[in-house]
Each structure stands twice: as C-alpha cells, then as structure tokens.
Amino acid sequence: MMFSFTLSNCEQKTELSDLEFEKNVFYELFPELSDKMYNDIRLIPTPPPPSPKYLTEKGFDAQNDYNKALENWEKSDDYQNRLNEWKVRRDSIINDTTLIYIAFSDSISRFEREDMYELINHFNDQKLVIDSKDFELIGGFKVDFDKLKSDNEKLRFKPISEFPERREFWRTKYDFNFQGSLSFTRILFDKTKTFGVLNAGFVKGRLNGSGCRIFIRKDENGNWEVDKIIGTWVS
C-alpha cells in the first residue's frame, strides 16, 4: 500500500510538472502570438483596391480588364491623393494611445485531435514521436490574466466570463474599445517536448473571424519560437 501511494504521488507530480511546462511555454509565446492574431486592417501599408465601379467612374476601363485598369489607376494623381490620405489616417491610428480590449477564455482545456498528425507531418524530417496519452487529459489550466502580455502595447485582455453571453456578446455597446475575441487550444508536444502545435482563432464579429494552426519549436538556446502559422478557417 505504501508503494502504491508513493507511485501515485509521483505520477501526480509528473503530470503537474507537464502541465506547468505547457503553461510556461504558452505564456512565453503569448506576447508574439497575440500580436500576430490581432489584425487591424486600418494599418496595412496601402489602401485597399477600389471597386470596378469606382475605377470606371474615374475613366479607367475596369469592365474589360480590371487588373489593367487598377495598374493604370495606381499611376494616377487620384491614387496618389488616396494614398496620402491613407497614410495620414494610418499614422493617426498608430499614434493613438487608446487601449484595445480583447475577450479571452478563462481557461484552456482542449486539444485538436488531428494536430497529432499535423505535427508529425510538419516536422517530418525530425521523425517525431507523440505520446497519445496527452489526448486523454480532460483538464487544462485556468488562465492567469496578469501574465497575458502582448508585443502590441495597446492590447488588453478581459475574461470572457465578464461579457454577455450568446448574441448579446456582439450586440452590446461597451464603455471600452472592444475589438474581438481571441482563443487558443492547449499545446500538443512531441515526446521530447522540443516541438509543438496549437490552434488559435480571432473573431471580430458574428460572421467575421479566422483561425490558424501554429507550429512551434525550441531553438538552440532553449527558447520557444514560432516555426510556421497556417490558416485553417475563415468566416
């Protein structure tokens, strides 16, 4: 009985150690990942291309060849004026110190089962081995919001439990600059805990969002880095 009790304690400590390891990796990568997931279209370097109707009204033959019309328009004074106006607006947004609030899950508690195969295939030259017991873990971890920092200094994160549920989540007018909801799955590691994969999604409205699969690896100095981000869904 004493041996069984000791063995049980060791297994619990090992599992807790694995979970603490995962949490440490998550918080280490979060500043970079949160910045990459939040996409402010207002900050793209050039204005979005105009509609065919707009080009036609400006005297360019967009009905027969939109790409050629767009190319010619980009040489015009009208384009240069729009570009200058765009840069002024973009600079004002960059210099604006208003905080941006993102809803974030109170806890992270699930895996994506297909990630096991995706992780092996992505790092196929590494011949990774995945411990399938990871998929049997029901628990996860409660998010420590004090550790949610971002490379984007304007971003702040609020527990999603503080927001209204269902449709009211998007219909409510908040007294802060609310810009969407961010979510992550748990991280699936290979057996050596040198490579990993997780999923993320950012939603800006009821039918406006995107998700991706993020492959990570430990560099030669023991720091975690993003290896590649692949889009998985868009709405």
# chains A, B, ... in the order shown; residues from 1 in each chain; ligands from 1
$ residues_around --residues "Phe111 in chain A" --least-positions-apart "3" --cutoff "8 Å" --atoms "only C-alpha atoms" --output "MDAnalysis selection string"
chainID A and resid 115 135 185:188 198
$ write_last_selection --atoms "C-alpha atoms" --output "compact mmCIF listing (two decimals), in the first residue's frame"
# COMPACT_ATOMS: atom_id res chain seq x y z
CA ASP A 115 -2.90 18.02 -34.56
CA PHE A 135 -5.35 13.26 -25.74
CA THR A 185 -6.22 25.42 -27.67
CA ARG A 186 -3.76 23.58 -25.46
CA ILE A 187 -0.33 22.79 -26.83
CA LEU A 188 0.45 19.31 -28.12
CA LEU A 198 -1.62 24.62 -31.02
$ select_by_dssp --residues "range 125-190 of chain A" --states "helix (DSSP H, G or I)" --output "list in words"
Asp125, Gln126, Ser132, Lys133, Asp134, Phe135, Glu136, Phe145, Asp146, Lys147, Ile160, Ser161, Glu162, Glu168, Phe169, Trp170 and Arg171 of chain A
$ residues_around --residues "Glu22 in chain A" --least-positions-apart "4" --cutoff "10 Å" --atoms "only C-alpha atoms" --output "MDAnalysis selection string"
chainID A and resid 16:18 26:28 140:141 186:189 193 196
$ write_last_selection --atoms "C-alpha atoms" --output "CSV table (one decimal), in the first residue's frame"
chain,number,residue,atom,x,y,z
A,16,LEU,CA,1.6,18.6,-12.8
A,17,SER,CA,5.1,19.1,-14.0
A,18,ASP,CA,4.0,18.5,-17.6
A,26,PHE,CA,2.2,29.3,-23.5
A,27,TYR,CA,2.9,32.4,-21.5
A,28,GLU,CA,6.4,32.7,-23.2
A,140,GLY,CA,-6.4,22.1,-18.6
A,141,PHE,CA,-5.4,25.2,-16.8
A,186,ARG,CA,-3.8,23.6,-25.5
A,187,ILE,CA,-0.3,22.8,-26.8
A,188,LEU,CA,0.4,19.3,-28.1
A,189,PHE,CA,4.1,18.5,-27.8
A,193,LYS,CA,9.0,18.5,-25.7
A,196,GLY,CA,4.7,21.5,-30.5
$ closest_residue --among "A:Glu168, A:Glu153, A:Asp227, A:Glu162" --to "Asp96 in chain A" --atoms "only C-alpha atoms"
A:Glu153
$ closest_residue --among "A:Tyr101, A:Trp233, A:Tyr66, A:Phe176" --to "Tyr38 in chain A" --atoms "only C-alpha atoms"
A:Tyr101
$ atom_distance --atom1 "CA of Phe202 in chain A" --atom2 "CA of Lys147 in chain A"
19.2 Å
$ atom_distance --atom1 "CA of Thr97 in chain A" --atom2 "CA of Lys154 in chain A"
6.9 Å
$ closest_residue --among "A:Glu85, A:Lys75, A:Leu70, A:Ala103" --to "Lys53 in chain A" --atoms "only C-alpha atoms"
A:Leu70
$ atom_distance --atom1 "CA of Leu148 in chain A" --atom2 "CA of Arg206 in chain A"
24.7 Å
$ closest_residue --among "A:Pro52, A:Ser105, A:Phe163, A:Ile130" --to "Phe145 in chain A" --atoms "only C-alpha atoms"
A:Ser105
$ closest_residue --among "A:Pro45, A:Asn67, A:Gly205, A:Phe123" --to "Asp91 in chain A" --atoms "only C-alpha atoms"
A:Pro45
$ closest_residue --among "A:Asn124, A:Glu71, A:Asn95, A:Thr172" --to "Pro49 in chain A" --atoms "only C-alpha atoms"
A:Glu71
$ select_by_dssp --residues "range 117-189 of chain A" --states "strand (DSSP E)" --output "ChimeraX atom specification"
/A:141-142,155-159,178-184,188-189
$ residues_around --residues "range 29-33 of chain A" --least-positions-apart "4" --cutoff "6 Å" --atoms "only C-alpha atoms" --output "VMD selection string"
chain A and resid 149 to 151
$ residues_around --residues "range 77-80 of chain A" --least-positions-apart "2" --cutoff "12 Å" --atoms "only C-alpha atoms" --output "tab-separated table (two decimals) with N, CA and C atoms, in the first residue's frame"
chain	number	residue	atom	x	y	z
A	46	THR	N	-0.91	50.14	-47.77
A	46	THR	CA	-1.56	50.86	-48.87
A	46	THR	C	-3.07	50.68	-48.76
A	47	PRO	N	-3.85	51.60	-49.32
A	47	PRO	CA	-5.31	51.48	-49.25
A	47	PRO	C	-5.79	50.27	-50.03
A	48	PRO	N	-6.91	49.66	-49.62
A	48	PRO	CA	-7.44	48.51	-50.36
A	48	PRO	C	-7.84	48.92	-51.77
A	49	PRO	N	-7.77	48.00	-52.73
A	49	PRO	CA	-8.11	48.35	-54.12
A	49	PRO	C	-9.57	48.76	-54.24
A	50	PRO	N	-9.86	49.75	-55.08
A	50	PRO	CA	-11.24	50.22	-55.23
A	50	PRO	C	-12.09	49.26	-56.05
A	54	TYR	N	-15.86	52.22	-59.11
A	54	TYR	CA	-15.08	53.42	-58.81
A	54	TYR	C	-14.08	53.71	-59.93
A	55	LEU	N	-13.38	52.67	-60.39
A	55	LEU	CA	-12.40	52.86	-61.46
A	55	LEU	C	-13.06	53.33	-62.75
A	57	GLU	N	-15.81	55.08	-62.98
A	57	GLU	CA	-16.19	56.47	-62.80
A	57	GLU	C	-15.00	57.41	-62.95
A	58	LYS	N	-13.79	56.89	-62.67
A	58	LYS	CA	-12.57	57.71	-62.81
A	58	LYS	C	-11.97	57.64	-64.21
A	59	GLY	N	-12.67	56.91	-65.11
A	59	GLY	CA	-12.23	56.88	-66.51
A	59	GLY	C	-11.35	55.71	-66.88
A	60	PHE	N	-11.30	54.69	-66.05
A	60	PHE	CA	-10.48	53.51	-66.35
A	60	PHE	C	-11.39	52.35	-66.75
A	69	ALA	N	-6.84	48.13	-65.49
A	69	ALA	CA	-7.39	49.41	-65.03
A	69	ALA	C	-6.80	49.80	-63.69
A	70	LEU	N	-6.64	48.82	-62.81
A	70	LEU	CA	-6.05	49.08	-61.50
A	70	LEU	C	-4.61	49.53	-61.63
A	71	GLU	N	-3.87	48.88	-62.53
A	71	GLU	CA	-2.47	49.24	-62.76
A	71	GLU	C	-2.35	50.68	-63.25
A	72	ASN	N	-3.22	51.06	-64.17
A	72	ASN	CA	-3.18	52.43	-64.70
A	72	ASN	C	-3.61	53.45	-63.64
A	73	TRP	N	-4.60	53.07	-62.84
A	73	TRP	CA	-5.08	53.98	-61.79
A	73	TRP	C	-3.99	54.26	-60.76
A	74	GLU	N	-3.18	53.25	-60.46
A	74	GLU	CA	-2.11	53.41	-59.47
A	74	GLU	C	-0.99	54.34	-59.94
A	75	LYS	N	-1.06	54.74	-61.22
A	75	LYS	CA	-0.11	55.72	-61.76
A	75	LYS	C	-0.72	57.13	-61.79
A	82	ARG	N	-5.28	59.45	-52.70
A	82	ARG	CA	-5.84	58.47	-51.77
A	82	ARG	C	-4.77	57.84	-50.90
A	83	LEU	N	-3.60	57.59	-51.50
A	83	LEU	CA	-2.50	57.02	-50.74
A	83	LEU	C	-2.04	57.97	-49.64
A	84	ASN	N	-1.93	59.25	-49.96
A	84	ASN	CA	-1.50	60.24	-48.96
A	84	ASN	C	-2.51	60.35	-47.83
A	85	GLU	N	-3.80	60.35	-48.17
A	85	GLU	CA	-4.86	60.40	-47.15
A	85	GLU	C	-4.82	59.15	-46.28
A	86	TRP	N	-4.57	58.00	-46.91
A	86	TRP	CA	-4.48	56.72	-46.19
A	86	TRP	C	-3.33	56.76	-45.18
A	87	LYS	N	-2.19	57.29	-45.61
A	87	LYS	CA	-1.03	57.36	-44.73
A	87	LYS	C	-1.29	58.26	-43.53
$ residues_around --residues "Ser183 in chain A" --least-positions-apart "3" --cutoff "12 Å" --atoms "only C-alpha atoms" --output "number ranges by chain"
A: 30, 33-34, 37-38, 102-110, 143, 157-160, 180, 186, 198-204, 209-213
